[in-house]
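my_file28.csv (CSV, C-alpha atoms) appears below.
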chain,number,residue,atom,x,y,z
A,8,MET,CA,0.0,0.0,0.0
A,9,GLU,CA,1.3,3.4,-1.0
A,10,THR,CA,2.3,5.7,1.9
A,11,ASP,CA,1.4,9.4,2.3
A,12,LEU,CA,5.1,10.2,1.7
A,13,ALA,CA,5.0,8.3,-1.6
A,14,ARG,CA,1.9,10.1,-2.6
A,15,ARG,CA,3.4,13.5,-1.8
A,16,GLU,CA,6.5,12.6,-3.8
A,17,LYS,CA,4.3,11.7,-6.7
A,18,LEU,CA,2.6,15.0,-6.5
A,19,VAL,CA,5.9,16.9,-6.4
A,20,LYS,CA,7.1,14.9,-9.4
A,21,LYS,CA,3.9,15.6,-11.3
A,22,ARG,CA,4.3,19.3,-10.6
A,23,ARG,CA,8.0,19.2,-11.8
A,24,ALA,CA,7.0,17.3,-14.9
A,25,GLY,CA,4.5,20.0,-15.8
A,26,GLY,CA,1.4,18.4,-14.1
A,27,ASN,CA,-1.6,20.5,-13.6
A,28,PRO,CA,-1.9,21.5,-9.9
A,29,LEU,CA,-5.5,22.7,-10.4
A,30,ARG,CA,-6.5,19.3,-11.8
A,31,GLU,CA,-5.0,17.5,-8.8
A,32,TYR,CA,-6.6,20.0,-6.4
A,33,ARG,CA,-10.0,19.5,-8.0
A,34,ARG,CA,-9.6,15.7,-8.0
A,35,LEU,CA,-8.8,15.7,-4.3
A,36,LEU,CA,-11.8,17.9,-3.5
A,37,ARG,CA,-14.1,15.5,-5.3
A,38,GLU,CA,-12.7,12.7,-3.1
A,39,ILE,CA,-13.1,14.7,0.0
A,40,ARG,CA,-16.7,15.6,-0.9
A,41,ALA,CA,-17.4,11.9,-1.3
A,42,VAL,CA,-16.5,11.5,2.4
A,43,TYR,CA,-18.0,14.7,3.7
A,44,ASP,CA,-21.4,14.6,1.8
A,45,PRO,CA,-23.0,11.7,3.6
A,46,PHE,CA,-21.9,13.1,7.0
A,47,THR,CA,-22.9,16.7,6.3
A,48,ALA,CA,-26.3,15.7,4.9
A,49,LYS,CA,-27.1,13.9,8.1
A,50,HIS,CA,-25.5,16.2,10.7
A,51,CYS,CA,-25.3,19.8,9.4
A,52,PRO,CA,-29.0,20.7,9.1
A,53,THR,CA,-29.4,20.2,12.9
A,54,CYS,CA,-25.9,21.2,14.0
A,55,GLU,CA,-25.8,23.5,17.0
A,56,THR,CA,-22.3,24.7,16.1
A,57,PRO,CA,-22.4,25.3,12.3
A,58,CYS,CA,-19.1,25.9,10.5
A,59,CYS,CA,-20.4,27.9,7.6
A,60,ILE,CA,-20.6,31.3,9.3
A,61,ARG,CA,-19.0,34.7,9.0
A,62,PRO,CA,-16.2,35.4,8.9
A,63,SER,CA,-15.8,32.5,6.5
A,64,ARG,CA,-12.7,30.6,5.5
A,65,VAL,CA,-13.1,31.8,1.9
A,66,THR,CA,-10.1,33.7,0.5
A,67,PRO,CA,-10.0,36.0,-2.4
A,68,LEU,CA,-7.8,33.4,-4.3
A,69,ASP,CA,-10.6,30.8,-3.8
A,70,VAL,CA,-13.1,33.1,-5.5
A,71,ILE,CA,-10.6,34.1,-8.3
A,72,ILE,CA,-9.9,30.4,-9.0
A,73,ALA,CA,-13.7,29.6,-9.1
A,74,VAL,CA,-14.5,32.6,-11.3
A,75,GLY,CA,-11.4,31.8,-13.5
A,76,CYS,CA,-12.9,28.3,-14.0
A,77,GLY,CA,-16.1,29.8,-15.3
A,78,HIS,CA,-18.2,29.8,-12.0
A,79,SER,CA,-20.3,32.7,-11.0
A,80,PHE,CA,-22.2,33.7,-7.8
A,81,PRO,CA,-25.5,35.0,-9.1
A,82,HIS,CA,-27.1,34.9,-5.6
A,83,LEU,CA,-24.8,37.8,-4.6
A,84,GLY,CA,-26.2,40.1,-7.2
A,85,ALA,CA,-24.0,43.1,-7.8
A,86,ILE,CA,-21.8,42.3,-4.7
A,87,ASP,CA,-18.2,41.4,-5.7
A,88,PRO,CA,-17.5,38.0,-4.2
A,89,VAL,CA,-13.8,38.9,-3.9
A,90,ASP,CA,-14.7,41.8,-1.7
A,91,ILE,CA,-16.6,39.5,0.6
A,92,ALA,CA,-13.7,37.1,0.9
A,93,ALA,CA,-11.2,40.0,1.4
A,94,GLU,CA,-13.4,41.5,4.2
A,95,HIS,CA,-13.5,38.1,5.9
A,96,ALA,CA,-9.8,37.6,5.6
A,97,GLU,CA,-9.2,41.0,7.2
A,98,GLN,CA,-11.5,40.0,10.1
A,99,ARG,CA,-9.6,36.7,10.6
A,100,LEU,CA,-6.3,38.5,10.5
A,101,ASP,CA,-7.4,41.2,13.0
A,102,PRO,CA,-5.3,40.8,16.3
A,103,SER,CA,-8.5,40.6,18.3
A,104,ALA,CA,-10.0,37.8,16.0
A,105,VAL,CA,-10.9,34.4,17.5
A,106,LYS,CA,-8.9,31.6,15.9
A,107,LEU,CA,-10.8,29.5,13.4
A,108,THR,CA,-10.1,26.3,15.3
A,109,VAL,CA,-12.5,27.4,18.1
A,110,VAL,CA,-15.3,28.1,15.6
A,111,ASP,CA,-17.7,26.1,17.8
A,112,GLU,CA,-17.5,28.9,20.4
A,113,LEU,CA,-18.5,31.7,18.0
A,114,SER,CA,-21.8,33.3,17.6
A,115,HIS,CA,-23.8,31.7,14.7
A,116,ASP,CA,-26.0,34.6,13.8
A,117,LEU,CA,-24.8,35.2,10.3
A,118,PRO,CA,-24.3,32.4,7.8
A,119,CYS,CA,-21.5,32.6,5.2
A,120,GLU,CA,-22.5,34.7,2.2
A,121,PHE,CA,-21.5,31.8,-0.1
A,122,ILE,CA,-24.3,29.6,1.4
A,123,GLU,CA,-27.7,29.6,-0.4
A,124,ARG,CA,-30.6,27.3,0.5
A,125,GLY,CA,-28.4,25.5,3.0
A,126,ARG,CA,-25.7,24.6,0.5
A,127,CYS,CA,-22.3,26.0,-0.5
A,128,THR,CA,-22.5,27.9,-3.8
A,129,PHE,CA,-18.9,26.9,-4.8
A,130,PRO,CA,-18.7,23.9,-7.1
A,131,ASP,CA,-17.9,20.7,-5.2
A,132,ASP,CA,-14.5,20.5,-6.9
A,133,LEU,CA,-13.6,24.1,-6.3
A,134,ARG,CA,-14.6,24.5,-2.6
A,135,PRO,CA,-12.4,26.9,-0.7
A,136,HIS,CA,-9.3,25.3,0.7
A,137,GLY,CA,-10.0,26.5,4.3
A,138,CYS,CA,-13.5,25.1,4.2
A,139,ALA,CA,-12.6,21.7,2.6
A,140,ALA,CA,-9.6,21.2,5.0
A,141,TYR,CA,-11.6,22.0,8.2
A,142,ILE,CA,-12.7,19.0,10.2
A,143,CYS,CA,-15.2,20.2,12.7
A,144,ASN,CA,-15.7,18.8,16.3
A,145,PRO,CA,-18.9,16.9,15.4
A,146,MET,CA,-17.0,15.1,12.7
A,147,HIS,CA,-14.3,14.2,15.2
A,148,ARG,CA,-17.0,12.9,17.5
A,149,HIS,CA,-19.4,11.1,15.1
A,150,MET,CA,-17.6,10.1,11.9
A,151,PRO,CA,-16.6,6.5,11.7
A,152,ASP,CA,-12.8,5.9,12.4
A,153,ALA,CA,-12.1,4.6,8.9
A,154,ASP,CA,-13.8,7.6,7.3
A,155,MET,CA,-11.9,10.0,9.6
A,156,ARG,CA,-8.6,8.3,8.7
A,157,LYS,CA,-9.4,8.6,5.0
A,158,LEU,CA,-10.5,12.2,5.4
A,159,LYS,CA,-7.3,13.3,7.3
A,160,ARG,CA,-5.2,11.6,4.6
A,161,LEU,CA,-7.0,13.4,1.9
A,162,VAL,CA,-6.9,16.8,3.7
A,163,ARG,CA,-3.1,16.4,4.0
A,164,LEU,CA,-2.8,15.7,0.3
A,165,LEU,CA,-5.2,18.6,-0.5
A,166,GLY,CA,-2.8,20.9,1.5
A,167,ASP,CA,0.1,19.7,-0.7
A,168,ALA,CA,-2.0,20.3,-3.8
A,169,HIS,CA,-3.1,23.7,-2.6
A,170,ASP,CA,0.6,24.6,-1.9
A,171,ALA,CA,1.5,23.4,-5.5
A,172,LEU,CA,-1.4,25.5,-6.9
A,173,LEU,CA,-0.2,28.6,-4.9
A,174,ARG,CA,3.4,28.1,-6.1
A,175,ALA,CA,2.1,27.9,-9.7
A,176,VAL,CA,0.2,31.1,-9.4
A,177,GLY,CA,3.1,32.7,-7.5
A,178,ASP,CA,5.6,31.6,-10.2
A,179,GLY,CA,3.5,33.5,-12.8
A,180,GLN,CA,2.2,30.2,-14.3
A,181,GLY,CA,-1.4,30.9,-13.5
A,182,SER,CA,-2.3,31.5,-17.1
A,183,GLU,CA,-0.9,28.1,-18.0
A,184,ILE,CA,-3.0,26.2,-15.6
A,185,GLU,CA,-5.8,24.4,-17.5
A,186,THR,CA,-9.1,25.3,-15.9
A,187,ALA,CA,-11.3,22.7,-17.5
A,188,PRO,CA,-12.6,20.0,-15.1
A,189,ALA,CA,-10.3,17.0,-14.8

Rewritten as structure tokens:
Amino acid sequence: METDLARREKLVKKRRAGGNPLREYRRLLREIRAVYDPFTAKHCPTCETPCCIRPSRVTPLDVIIAVGCGHSFPHLGAIDPVDIAAEHAEQRLDPSAVKLTVVDELSHDLPCEFIERGRCTFPDDLRPHGCAAYICNPMHRHMPDADMRKLKRLVRLLGDAHDALLRAVGDGQGSEIETAPA
């Protein structure tokens, strides 16, 4: 059985060989959604400590990637989704901000602007990294051990893919990243 280290090495080799970091990122998000979706369908509607609240984990880059792949956020009307993400990032970076890891202790008055009809408006394979990588306390308590192990492994790999994607954008290769679904 392939180890996490071997998978990470393959990802690095793919990137060096001209692999598409966005394609790998989207593939991993689809795998993560396959683990998350049955759990969230059952637990999120009645959760007393929802994760999808303001300030969200959505970054301006998450929005730019989604829009660059052809996605739009019509439910926001004339509001620029990048502005929303930038405002939330600013709130999270404020010295008086509560760390995201203690989200269960926050007020839950305002849902994330990217939620509509109880569902994230990002495509499943373009969910924001901070959202997709967050494993909430109810998941830790109620998700079967095998699913939790798989999820943690996928989240680690997603972090590597996200890093590769950021490097590609930072290296000025963003225009060379194929945006079509893998």

Among listed residues A:Leu133, A:Cys127, A:Ile91, A:Ala41, nearest A:His78 (using only C-alpha atoms):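 The shortest atom-to-atom distance to A:His78 comes from A:Leu133.
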
Atomic distance atom CA of A:Ile86 - atom CA of A:Arg37, expressed in Å with one decimal: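 Atom-to-atom, atom CA of A:Ile86 to atom CA of A:Arg37, that is 27.9 Å.
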
Atomic separation - atom CA of A:Thr56 relative to atom CA of A:Tyr32, Å: 27.8 Å

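Of the listed residues (A:Val42, A:Val70, A:Met146, A:Leu100), A:Met146 comes nearest to A:Cys58; the distances count all atoms listed in the file.
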
Distance in Å - atom CA of A:Leu164 versus atom CA of A:Arg61: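 Going from atom CA of A:Leu164 over to atom CA of A:Arg61 covers 26.4 Å.
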
All residues 9 Å or closer to A:Leu165, only C-alpha atoms, same chain fewer than 5 positions away omitted, as an MDAnalysis selection string: chainID A and resid 31:33 35:36 39 136 139:140 160 170

Residues near A:Cys59, cut-off 9 Å, all atoms listed in the file, skip fewer than 5 positions along chain, as a PyMOL selection string: chain A and resi 64+115+117-122+127+138

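Each of A:Glu97, A:Ala168, A:Ile60, A:Asp154 was checked against A:Arg30 using only C-alpha atoms; the smallest atom-to-atom distance is that of A:Ala168.
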
For A:Ala96, the nearest of the candidates A:Gly125, A:Pro67, A:Pro45, A:Pro135, counting all atoms listed in the file: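 Smallest distance to A:Ala96 is found for A:Pro67.
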
Sphere at (-13.8, 29.0, -7.3), radius 8 Å, counting only C-alpha atoms: residues as a PyMOL selection string: chain A and resi 69-76+78+129-130+133-135
